[in-house]
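Here is query.csv, consisting of CSV, N, CA and C atoms:
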chain,number,residue,atom,x,y,z
A,134,MET,N,60.9,-71.5,113.8
A,134,MET,CA,59.5,-71.4,113.5
A,134,MET,C,58.8,-70.6,114.6
A,135,SER,N,57.9,-69.7,114.1
A,135,SER,CA,57.3,-68.8,115.0
A,135,SER,C,56.3,-69.5,116.0
A,136,GLY,N,56.1,-68.8,117.1
A,136,GLY,CA,55.1,-69.3,118.1
A,136,GLY,C,53.7,-69.5,117.5
A,137,VAL,N,53.4,-68.6,116.6
A,137,VAL,CA,52.0,-68.6,116.0
A,137,VAL,C,51.9,-69.9,115.2
A,138,ARG,N,52.9,-70.2,114.4
A,138,ARG,CA,52.9,-71.4,113.5
A,138,ARG,C,52.9,-72.6,114.4
A,139,ARG,N,53.6,-72.6,115.5
A,139,ARG,CA,53.6,-73.8,116.4
A,139,ARG,C,52.2,-73.9,117.0
A,140,PHE,N,51.6,-72.8,117.4
A,140,PHE,CA,50.2,-72.9,117.9
A,140,PHE,C,49.2,-73.5,116.9
A,141,TRP,N,49.3,-73.0,115.7
A,141,TRP,CA,48.4,-73.6,114.6
A,141,TRP,C,48.7,-75.0,114.4
A,142,ALA,N,49.9,-75.4,114.5
A,142,ALA,CA,50.3,-76.9,114.3
A,142,ALA,C,49.6,-77.7,115.4
A,143,ALA,N,49.7,-77.1,116.7
A,143,ALA,CA,49.1,-77.8,117.8
A,143,ALA,C,47.6,-77.9,117.7
A,144,LEU,N,47.0,-76.8,117.3
A,144,LEU,CA,45.6,-76.8,117.1
A,144,LEU,C,45.2,-77.8,115.9
A,145,SER,N,45.9,-77.8,114.9
A,145,SER,CA,45.7,-78.8,113.8
A,145,SER,C,45.8,-80.2,114.3
A,146,LEU,N,46.8,-80.5,115.1
A,146,LEU,CA,47.0,-81.8,115.7
A,146,LEU,C,45.8,-82.2,116.5
A,147,VAL,N,45.3,-81.4,117.4
A,147,VAL,CA,44.1,-81.7,118.2
A,147,VAL,C,42.9,-81.9,117.3
A,148,GLY,N,42.7,-81.1,116.3
A,148,GLY,CA,41.5,-81.2,115.4
A,148,GLY,C,41.6,-82.5,114.6
A,149,THR,N,42.8,-82.8,114.1
A,149,THR,CA,43.0,-84.1,113.4
A,149,THR,C,42.7,-85.3,114.3
A,150,PHE,N,43.2,-85.2,115.5
A,150,PHE,CA,43.0,-86.3,116.4
A,150,PHE,C,41.5,-86.5,116.7
A,151,ALA,N,40.7,-85.4,116.9
A,151,ALA,CA,39.3,-85.5,117.2
A,151,ALA,C,38.6,-86.1,116.0
A,152,TYR,N,38.9,-85.7,114.8
A,152,TYR,CA,38.3,-86.4,113.6
A,152,TYR,C,38.7,-87.8,113.5
A,153,ASP,N,40.0,-88.2,113.7
A,153,ASP,CA,40.4,-89.5,113.6
A,153,ASP,C,39.8,-90.4,114.7
A,154,LEU,N,39.6,-89.8,115.9
A,154,LEU,CA,39.0,-90.6,117.0
A,154,LEU,C,37.6,-91.1,116.6
A,155,VAL,N,36.8,-90.3,115.9
A,155,VAL,CA,35.5,-90.7,115.5
A,155,VAL,C,35.6,-91.8,114.4
A,156,VAL,N,36.5,-91.5,113.4
A,156,VAL,CA,36.6,-92.4,112.3
A,156,VAL,C,37.2,-93.8,112.8
A,157,ALA,N,38.2,-93.8,113.6
A,157,ALA,CA,38.8,-95.0,114.1
A,157,ALA,C,37.8,-95.8,115.0
A,158,SER,N,37.0,-95.0,115.8
A,158,SER,CA,36.1,-95.7,116.7
A,158,SER,C,35.0,-96.4,115.9
A,159,LEU,N,34.6,-95.8,114.8
A,159,LEU,CA,33.6,-96.5,113.9
A,159,LEU,C,34.2,-97.7,113.3
A,160,ALA,N,35.5,-97.6,112.9
A,160,ALA,CA,36.1,-98.8,112.2
A,160,ALA,C,36.3,-99.9,113.2
A,161,VAL,N,36.6,-99.6,114.5
A,161,VAL,CA,36.7,-100.7,115.5
A,161,VAL,C,35.4,-101.3,115.8
A,162,ALA,N,34.4,-100.4,115.9
A,162,ALA,CA,33.0,-100.9,116.1
A,162,ALA,C,32.6,-101.8,115.0
A,163,ARG,N,32.9,-101.5,113.8
A,163,ARG,CA,32.6,-102.4,112.7
A,163,ARG,C,33.2,-103.8,112.8
A,164,ILE,N,34.5,-103.8,113.3
A,164,ILE,CA,35.2,-105.0,113.5
A,164,ILE,C,34.5,-105.8,114.6
A,165,VAL,N,34.2,-105.2,115.7
A,165,VAL,CA,33.6,-105.9,116.8
A,165,VAL,C,32.2,-106.4,116.5
A,166,LEU,N,31.4,-105.6,115.8
A,166,LEU,CA,30.0,-105.9,115.5
A,166,LEU,C,29.8,-106.9,114.4
A,167,ALA,N,30.9,-107.0,113.6
A,167,ALA,CA,30.8,-108.0,112.4
A,167,ALA,C,31.9,-109.0,112.6
A,168,PRO,N,31.8,-109.9,113.6
A,168,PRO,CA,32.9,-110.8,113.9
A,168,PRO,C,33.3,-111.7,112.8
A,169,ARG,N,32.5,-111.9,111.8
A,169,ARG,CA,32.9,-112.8,110.7
A,169,ARG,C,33.8,-112.1,109.7
A,170,ARG,N,33.9,-110.8,109.8
A,170,ARG,CA,34.8,-110.0,108.9
A,170,ARG,C,36.2,-110.4,109.3
A,171,ARG,N,37.1,-110.6,108.3
A,171,ARG,CA,38.5,-111.0,108.6
A,171,ARG,C,39.3,-109.7,108.7
A,172,ASN,N,39.7,-109.3,109.9
A,172,ASN,CA,40.6,-108.3,110.0
A,172,ASN,C,42.0,-108.8,110.0
A,173,GLN,N,43.0,-108.0,109.7
A,173,GLN,CA,44.4,-108.4,109.6
A,173,GLN,C,45.2,-107.7,110.6
A,174,PRO,N,45.3,-108.1,111.8
A,174,PRO,CA,46.2,-107.4,112.8
A,174,PRO,C,47.7,-107.5,112.4
A,175,ALA,N,48.4,-106.5,112.8
A,175,ALA,CA,49.8,-106.6,112.5
A,175,ALA,C,50.6,-105.7,113.5
A,176,ILE,N,51.9,-106.1,113.7
A,176,ILE,CA,52.8,-105.2,114.4
A,176,ILE,C,53.7,-104.6,113.4
A,177,VAL,N,53.8,-103.3,113.4
A,177,VAL,CA,54.5,-102.6,112.3
A,177,VAL,C,55.6,-101.7,113.0
A,178,ALA,N,56.8,-101.7,112.4
A,178,ALA,CA,57.9,-100.8,112.8
A,178,ALA,C,57.6,-99.5,112.0
A,179,VAL,N,57.4,-98.4,112.7
A,179,VAL,CA,57.1,-97.2,112.1
A,179,VAL,C,58.3,-96.2,112.3
A,180,PRO,N,58.9,-95.8,111.2
A,180,PRO,CA,60.1,-94.9,111.4
A,180,PRO,C,59.6,-93.5,111.9
A,181,VAL,N,60.4,-92.9,112.8
A,181,VAL,CA,60.0,-91.7,113.4
A,181,VAL,C,60.9,-90.6,112.9
A,182,ASP,N,60.3,-89.5,112.5
A,182,ASP,CA,61.0,-88.3,112.0
A,182,ASP,C,61.1,-87.2,113.1
A,183,ALA,N,60.3,-87.3,114.1
A,183,ALA,CA,60.3,-86.3,115.2
A,183,ALA,C,61.7,-86.5,115.9
A,184,ARG,N,62.3,-85.4,116.3
A,184,ARG,CA,63.6,-85.5,116.9
A,184,ARG,C,63.7,-85.1,118.4
A,185,THR,N,62.7,-84.6,119.0
A,185,THR,CA,62.8,-84.3,120.4
A,185,THR,C,62.2,-85.4,121.2
A,186,GLU,N,62.6,-85.6,122.4
A,186,GLU,CA,62.0,-86.6,123.3
A,186,GLU,C,60.5,-86.4,123.4
A,187,TRP,N,60.1,-85.2,123.6
A,187,TRP,CA,58.6,-85.0,123.8
A,187,TRP,C,57.9,-85.2,122.4
A,188,GLY,N,58.5,-84.9,121.3
A,188,GLY,CA,57.9,-85.1,120.0
A,188,GLY,C,57.6,-86.6,119.8
A,189,VAL,N,58.6,-87.4,120.1
A,189,VAL,CA,58.5,-88.9,119.9
A,189,VAL,C,57.4,-89.4,120.9
A,190,ALA,N,57.5,-88.9,122.1
A,190,ALA,CA,56.5,-89.4,123.1
A,190,ALA,C,55.1,-89.0,122.7
A,191,LEU,N,54.9,-87.7,122.2
A,191,LEU,CA,53.6,-87.3,121.8
A,191,LEU,C,53.1,-88.1,120.6
A,192,PHE,N,54.0,-88.4,119.7
A,192,PHE,CA,53.6,-89.3,118.5
A,192,PHE,C,53.1,-90.6,119.1
A,193,ALA,N,53.9,-91.2,119.9
A,193,ALA,CA,53.5,-92.5,120.5
A,193,ALA,C,52.2,-92.5,121.3
A,194,TYR,N,52.0,-91.3,122.0
A,194,TYR,CA,50.7,-91.2,122.7
A,194,TYR,C,49.5,-91.1,121.8
A,195,PHE,N,49.6,-90.3,120.7
A,195,PHE,CA,48.5,-90.2,119.8
A,195,PHE,C,48.2,-91.5,119.1
A,196,VAL,N,49.3,-92.2,118.8
A,196,VAL,CA,49.1,-93.5,118.2
A,196,VAL,C,48.3,-94.4,119.1
A,197,SER,N,48.7,-94.4,120.4
A,197,SER,CA,48.0,-95.3,121.4
A,197,SER,C,46.6,-94.8,121.7
A,198,ALA,N,46.4,-93.5,121.7
A,198,ALA,CA,45.1,-93.0,122.0
A,198,ALA,C,44.0,-93.2,120.9
A,199,THR,N,44.5,-93.6,119.7
A,199,THR,CA,43.6,-93.8,118.6
A,199,THR,C,43.1,-95.2,118.6
A,200,PRO,N,41.8,-95.4,118.7
A,200,PRO,CA,41.2,-96.8,118.7
A,200,PRO,C,41.7,-97.6,117.5
A,201,GLY,N,42.1,-98.8,117.8
A,201,GLY,CA,42.6,-99.8,116.8
A,201,GLY,C,44.1,-99.8,116.6
A,202,SER,N,44.8,-99.0,117.4
A,202,SER,CA,46.3,-99.0,117.4
A,202,SER,C,46.8,-98.8,118.7
A,203,THR,N,48.0,-99.3,119.0
A,203,THR,CA,48.7,-99.0,120.2
A,203,THR,C,50.2,-99.1,120.0
A,204,CYS,N,50.9,-98.2,120.6
A,204,CYS,CA,52.4,-98.2,120.6
A,204,CYS,C,52.9,-99.2,121.6
A,205,LEU,N,53.6,-100.2,121.1
A,205,LEU,CA,54.1,-101.2,121.9
A,205,LEU,C,55.5,-100.9,122.5
A,206,HIS,N,56.3,-100.2,121.7
A,206,HIS,CA,57.7,-99.9,122.2
A,206,HIS,C,58.3,-98.8,121.3
A,207,VAL,N,59.1,-98.0,122.0
A,207,VAL,CA,59.9,-97.0,121.3
A,207,VAL,C,61.3,-97.4,121.4
A,208,ALA,N,61.9,-97.5,120.2
A,208,ALA,CA,63.3,-97.9,120.1
A,208,ALA,C,64.2,-97.0,121.0
A,209,ASP,N,65.3,-97.5,121.5
A,209,ASP,CA,66.2,-96.8,122.3
A,209,ASP,C,66.8,-95.5,121.6
A,210,ASP,N,66.9,-95.6,120.3
A,210,ASP,CA,67.4,-94.4,119.6
A,210,ASP,C,66.3,-93.4,119.2
A,211,ARG,N,65.1,-93.8,119.5
A,211,ARG,CA,63.9,-92.9,119.2
A,211,ARG,C,63.7,-92.7,117.7
A,212,ARG,N,64.2,-93.6,116.9
A,212,ARG,CA,64.0,-93.5,115.5
A,212,ARG,C,62.8,-94.4,114.9
A,213,THR,N,62.4,-95.3,115.8
A,213,THR,CA,61.3,-96.3,115.4
A,213,THR,C,60.4,-96.5,116.6
A,214,ILE,N,59.1,-96.6,116.3
A,214,ILE,CA,58.1,-97.1,117.2
A,214,ILE,C,57.5,-98.3,116.7
A,215,TYR,N,57.1,-99.2,117.5
A,215,TYR,CA,56.5,-100.5,117.1
A,215,TYR,C,55.0,-100.4,117.5
A,216,VAL,N,54.2,-100.5,116.5
A,216,VAL,CA,52.8,-100.2,116.7
A,216,VAL,C,52.0,-101.5,116.3
A,217,HIS,N,51.0,-101.8,117.2
A,217,HIS,CA,50.1,-102.9,116.9
A,217,HIS,C,48.8,-102.3,116.3
A,218,PHE,N,48.5,-102.7,115.1
A,218,PHE,CA,47.3,-102.3,114.4
A,218,PHE,C,46.2,-103.4,114.5
A,219,LEU,N,45.0,-103.1,114.8
A,219,LEU,CA,44.0,-104.1,114.9
A,219,LEU,C,43.6,-104.6,113.5
A,220,ASP,N,43.7,-103.7,112.5
A,220,ASP,CA,43.5,-104.1,111.1
A,220,ASP,C,44.4,-103.3,110.2
A,221,ALA,N,45.4,-104.0,109.6
A,221,ALA,CA,46.4,-103.4,108.8
A,221,ALA,C,46.6,-104.3,107.5
A,222,PRO,N,45.7,-104.3,106.6
A,222,PRO,CA,45.9,-105.2,105.4
A,222,PRO,C,47.2,-104.7,104.6
A,223,ASP,N,47.5,-103.4,104.7
A,223,ASP,CA,48.7,-102.9,104.0
A,223,ASP,C,49.5,-102.2,105.1
A,224,THR,N,50.5,-102.8,105.6
A,224,THR,CA,51.2,-102.3,106.8
A,224,THR,C,51.9,-101.0,106.4
A,225,ARG,N,52.4,-100.8,105.2
A,225,ARG,CA,53.1,-99.6,104.9
A,225,ARG,C,52.1,-98.4,104.8
A,226,ALA,N,50.9,-98.7,104.3
A,226,ALA,CA,49.9,-97.6,104.3
A,226,ALA,C,49.4,-97.3,105.7
A,227,SER,N,49.3,-98.3,106.6
A,227,SER,CA,48.9,-98.0,107.9
A,227,SER,C,49.9,-97.1,108.6
A,228,ALA,N,51.2,-97.4,108.5
A,228,ALA,CA,52.3,-96.6,109.1
A,228,ALA,C,52.3,-95.2,108.5
A,229,ALA,N,52.2,-95.1,107.2
A,229,ALA,CA,52.2,-93.8,106.5
A,229,ALA,C,51.0,-93.0,106.9
A,230,GLY,N,49.9,-93.6,107.1
A,230,GLY,CA,48.7,-92.9,107.6
A,230,GLY,C,48.8,-92.3,108.9
A,231,MET,N,49.4,-93.0,109.9
A,231,MET,CA,49.7,-92.5,111.2
A,231,MET,C,50.7,-91.3,111.1
A,232,LYS,N,51.7,-91.4,110.3
A,232,LYS,CA,52.7,-90.3,110.2
A,232,LYS,C,52.0,-89.1,109.6
A,233,ALA,N,51.2,-89.3,108.6
A,233,ALA,CA,50.5,-88.2,107.9
A,233,ALA,C,49.5,-87.5,108.8
A,234,LEU,N,48.8,-88.3,109.6
A,234,LEU,CA,47.8,-87.7,110.5
A,234,LEU,C,48.4,-86.9,111.7
A,235,TYR,N,49.5,-87.5,112.3
A,235,TYR,CA,49.9,-86.9,113.6
A,235,TYR,C,51.4,-86.3,113.5
A,236,GLU,N,52.3,-87.1,112.9
A,236,GLU,CA,53.7,-86.7,113.1
A,236,GLU,C,54.0,-85.4,112.3
A,237,ARG,N,53.4,-85.2,111.2
A,237,ARG,CA,53.7,-84.0,110.5
A,237,ARG,C,53.4,-82.7,111.3
A,238,TRP,N,52.3,-82.7,112.1
A,238,TRP,CA,52.0,-81.6,113.0
A,238,TRP,C,53.0,-81.5,114.2
A,239,ILE,N,53.4,-82.7,114.7
A,239,ILE,CA,54.4,-82.7,115.8
A,239,ILE,C,55.7,-82.1,115.3
A,240,ILE,N,56.1,-82.5,114.1
A,240,ILE,CA,57.4,-82.0,113.6
A,240,ILE,C,57.3,-80.5,113.5
A,241,GLN,N,56.2,-79.9,113.1
A,241,GLN,CA,56.1,-78.5,113.0
A,241,GLN,C,56.1,-77.8,114.4
A,242,MET,N,55.5,-78.5,115.3
A,242,MET,CA,55.5,-78.0,116.7
A,242,MET,C,57.0,-78.0,117.3
A,243,GLU,N,57.8,-78.9,116.8
A,243,GLU,CA,59.2,-79.0,117.2
A,243,GLU,C,60.0,-77.9,116.6
A,244,GLY,N,59.5,-77.3,115.6
A,244,GLY,CA,60.2,-76.2,115.0
A,244,GLY,C,60.9,-76.6,113.7
A,245,GLN,N,60.5,-77.8,113.1
A,245,GLN,CA,61.1,-78.2,111.9
A,245,GLN,C,60.0,-78.1,110.8
A,246,PRO,N,60.4,-77.9,109.6
A,246,PRO,CA,59.4,-77.9,108.5
A,246,PRO,C,59.0,-79.4,108.3
A,247,HIS,N,57.9,-79.6,107.6
A,247,HIS,CA,57.4,-80.9,107.4
A,247,HIS,C,58.3,-81.9,106.8
A,248,ASP,N,59.2,-81.5,106.0
A,248,ASP,CA,60.1,-82.5,105.3
A,248,ASP,C,61.3,-82.9,106.2
A,249,GLY,N,61.3,-82.4,107.5
A,249,GLY,CA,62.3,-82.9,108.4
A,249,GLY,C,63.6,-82.1,108.5
A,250,ARG,N,63.8,-81.2,107.6
A,250,ARG,CA,65.0,-80.4,107.6
A,250,ARG,C,64.9,-79.4,108.8
A,251,GLU,N,66.1,-79.2,109.4
A,251,GLU,CA,66.2,-78.3,110.6
A,251,GLU,C,66.0,-76.9,110.1
A,252,ILE,N,65.4,-76.1,110.9
A,252,ILE,CA,65.2,-74.7,110.6
A,252,ILE,C,66.3,-73.9,111.3
A,253,SER,N,66.8,-72.9,110.6
A,253,SER,CA,67.8,-72.1,111.2
A,253,SER,C,67.2,-71.2,112.2
A,254,ARG,N,67.8,-70.9,113.3
A,254,ARG,CA,67.2,-70.1,114.3
A,254,ARG,C,68.0,-68.8,114.5

Render the structure in this file as structure tokens.
Amino acid sequence: MSGVRRFWAALSLVGTFAYDLVVASLAVARIVLAPRRRNQPAIVAVPVDARTEWGVALFAYFVSATPGSTCLHVADDRRTIYVHFLDAPDTRASAAGMKALYERWIIQMEGQPHDGREISR
């Protein structure tokens, strides 16, 4: 994958994070300010498609930096991260949302297409 495409993937990742930071902050504020609202916290095993050490670490970092979620553990094989969500009524949707927001850009920065297939170099 070309350096230009990786640059645009990195720029898209930062922009996506900035947007999600605002949205997630508002969601957490709503939970804090409306204490009678029933949130559904959950710990979710999120499969990881990123293949480099820095890709997995970056994904875990963005998950933790997003209000309302934190990465608790990265599995030894780097194929799964365990994430605590403050409100996850649908755990699969919460995991898929994190992957769609962040991991797809990280995979492109690693030099892989979004579907996870290796690129010939």

Backbone DSSP call of strand (DSSP E) for chain A, listed as a ChimeraX atom specification: /A:175-180,202-207,213-218

Please, what distance in Å, to one decimal, runs between atom C of A:Ala160 and atom C of A:Arg212?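 Atom-to-atom, atom C of A:Ala160 and atom C of A:Arg212 are spaced 27.1 Å apart.
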
Those of stretch 155-215 of chain A in DSSP helix (DSSP H, G or I), formatted as a ChimeraX atom specification: /A:155-166,186-198

Write the selection just made, keeping N, CA and C atoms, as an mmCIF file, keeping the file's coordinate frame?
data_model
loop_
_atom_site.group_PDB
_atom_site.id
_atom_site.type_symbol
_atom_site.label_atom_id
_atom_site.label_comp_id
_atom_site.auth_asym_id
_atom_site.auth_seq_id
_atom_site.Cartn_x
_atom_site.Cartn_y
_atom_site.Cartn_z
ATOM 1 N N VAL A 155 36.800 -90.300 115.900
ATOM 2 C CA VAL A 155 35.500 -90.700 115.500
ATOM 3 C C VAL A 155 35.600 -91.800 114.400
ATOM 4 N N VAL A 156 36.500 -91.500 113.400
ATOM 5 C CA VAL A 156 36.600 -92.400 112.300
ATOM 6 C C VAL A 156 37.200 -93.800 112.800
ATOM 7 N N ALA A 157 38.200 -93.800 113.600
ATOM 8 C CA ALA A 157 38.800 -95.000 114.100
ATOM 9 C C ALA A 157 37.800 -95.800 115.000
ATOM 10 N N SER A 158 37.000 -95.000 115.800
ATOM 11 C CA SER A 158 36.100 -95.700 116.700
ATOM 12 C C SER A 158 35.000 -96.400 115.900
ATOM 13 N N LEU A 159 34.600 -95.800 114.800
ATOM 14 C CA LEU A 159 33.600 -96.500 113.900
ATOM 15 C C LEU A 159 34.200 -97.700 113.300
ATOM 16 N N ALA A 160 35.500 -97.600 112.900
ATOM 17 C CA ALA A 160 36.100 -98.800 112.200
ATOM 18 C C ALA A 160 36.300 -99.900 113.200
ATOM 19 N N VAL A 161 36.600 -99.600 114.500
ATOM 20 C CA VAL A 161 36.700 -100.700 115.500
ATOM 21 C C VAL A 161 35.400 -101.300 115.800
ATOM 22 N N ALA A 162 34.400 -100.400 115.900
ATOM 23 C CA ALA A 162 33.000 -100.900 116.100
ATOM 24 C C ALA A 162 32.600 -101.800 115.000
ATOM 25 N N ARG A 163 32.900 -101.500 113.800
ATOM 26 C CA ARG A 163 32.600 -102.400 112.700
ATOM 27 C C ARG A 163 33.200 -103.800 112.800
ATOM 28 N N ILE A 164 34.500 -103.800 113.300
ATOM 29 C CA ILE A 164 35.200 -105.000 113.500
ATOM 30 C C ILE A 164 34.500 -105.800 114.600
ATOM 31 N N VAL A 165 34.200 -105.200 115.700
ATOM 32 C CA VAL A 165 33.600 -105.900 116.800
ATOM 33 C C VAL A 165 32.200 -106.400 116.500
ATOM 34 N N LEU A 166 31.400 -105.600 115.800
ATOM 35 C CA LEU A 166 30.000 -105.900 115.500
ATOM 36 C C LEU A 166 29.800 -106.900 114.400
ATOM 37 N N GLU A 186 62.600 -85.600 122.400
ATOM 38 C CA GLU A 186 62.000 -86.600 123.300
ATOM 39 C C GLU A 186 60.500 -86.400 123.400
ATOM 40 N N TRP A 187 60.100 -85.200 123.600
ATOM 41 C CA TRP A 187 58.600 -85.000 123.800
ATOM 42 C C TRP A 187 57.900 -85.200 122.400
ATOM 43 N N GLY A 188 58.500 -84.900 121.300
ATOM 44 C CA GLY A 188 57.900 -85.100 120.000
ATOM 45 C C GLY A 188 57.600 -86.600 119.800
ATOM 46 N N VAL A 189 58.600 -87.400 120.100
ATOM 47 C CA VAL A 189 58.500 -88.900 119.900
ATOM 48 C C VAL A 189 57.400 -89.400 120.900
ATOM 49 N N ALA A 190 57.500 -88.900 122.100
ATOM 50 C CA ALA A 190 56.500 -89.400 123.100
ATOM 51 C C ALA A 190 55.100 -89.000 122.700
ATOM 52 N N LEU A 191 54.900 -87.700 122.200
ATOM 53 C CA LEU A 191 53.600 -87.300 121.800
ATOM 54 C C LEU A 191 53.100 -88.100 120.600
ATOM 55 N N PHE A 192 54.000 -88.400 119.700
ATOM 56 C CA PHE A 192 53.600 -89.300 118.500
ATOM 57 C C PHE A 192 53.100 -90.600 119.100
ATOM 58 N N ALA A 193 53.900 -91.200 119.900
ATOM 59 C CA ALA A 193 53.500 -92.500 120.500
ATOM 60 C C ALA A 193 52.200 -92.500 121.300
ATOM 61 N N TYR A 194 52.000 -91.300 122.000
ATOM 62 C CA TYR A 194 50.700 -91.200 122.700
ATOM 63 C C TYR A 194 49.500 -91.100 121.800
ATOM 64 N N PHE A 195 49.600 -90.300 120.700
ATOM 65 C CA PHE A 195 48.500 -90.200 119.800
ATOM 66 C C PHE A 195 48.200 -91.500 119.100
ATOM 67 N N VAL A 196 49.300 -92.200 118.800
ATOM 68 C CA VAL A 196 49.100 -93.500 118.200
ATOM 69 C C VAL A 196 48.300 -94.400 119.100
ATOM 70 N N SER A 197 48.700 -94.400 120.400
ATOM 71 C CA SER A 197 48.000 -95.300 121.400
ATOM 72 C C SER A 197 46.600 -94.800 121.700
ATOM 73 N N ALA A 198 46.400 -93.500 121.700
ATOM 74 C CA ALA A 198 45.100 -93.000 122.000
ATOM 75 C C ALA A 198 44.000 -93.200 120.900
#

Non-local contacts of stretch 226-236 of chain A (8 Å; all atoms listed in the file; under 3 positions in same chain excluded) as a ChimeraX atom specification: /A:145-146,149-150,177-180,182-183,188,191-192,195-196,218,220-223,239-242,247

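Between atom C of A:Glu186 and atom CA of A:Ser202 there is a distance of 19.9 Å.
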
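Between atom CA of A:Pro174 and atom CA of A:Ala151 lies a distance of 23.4 Å.
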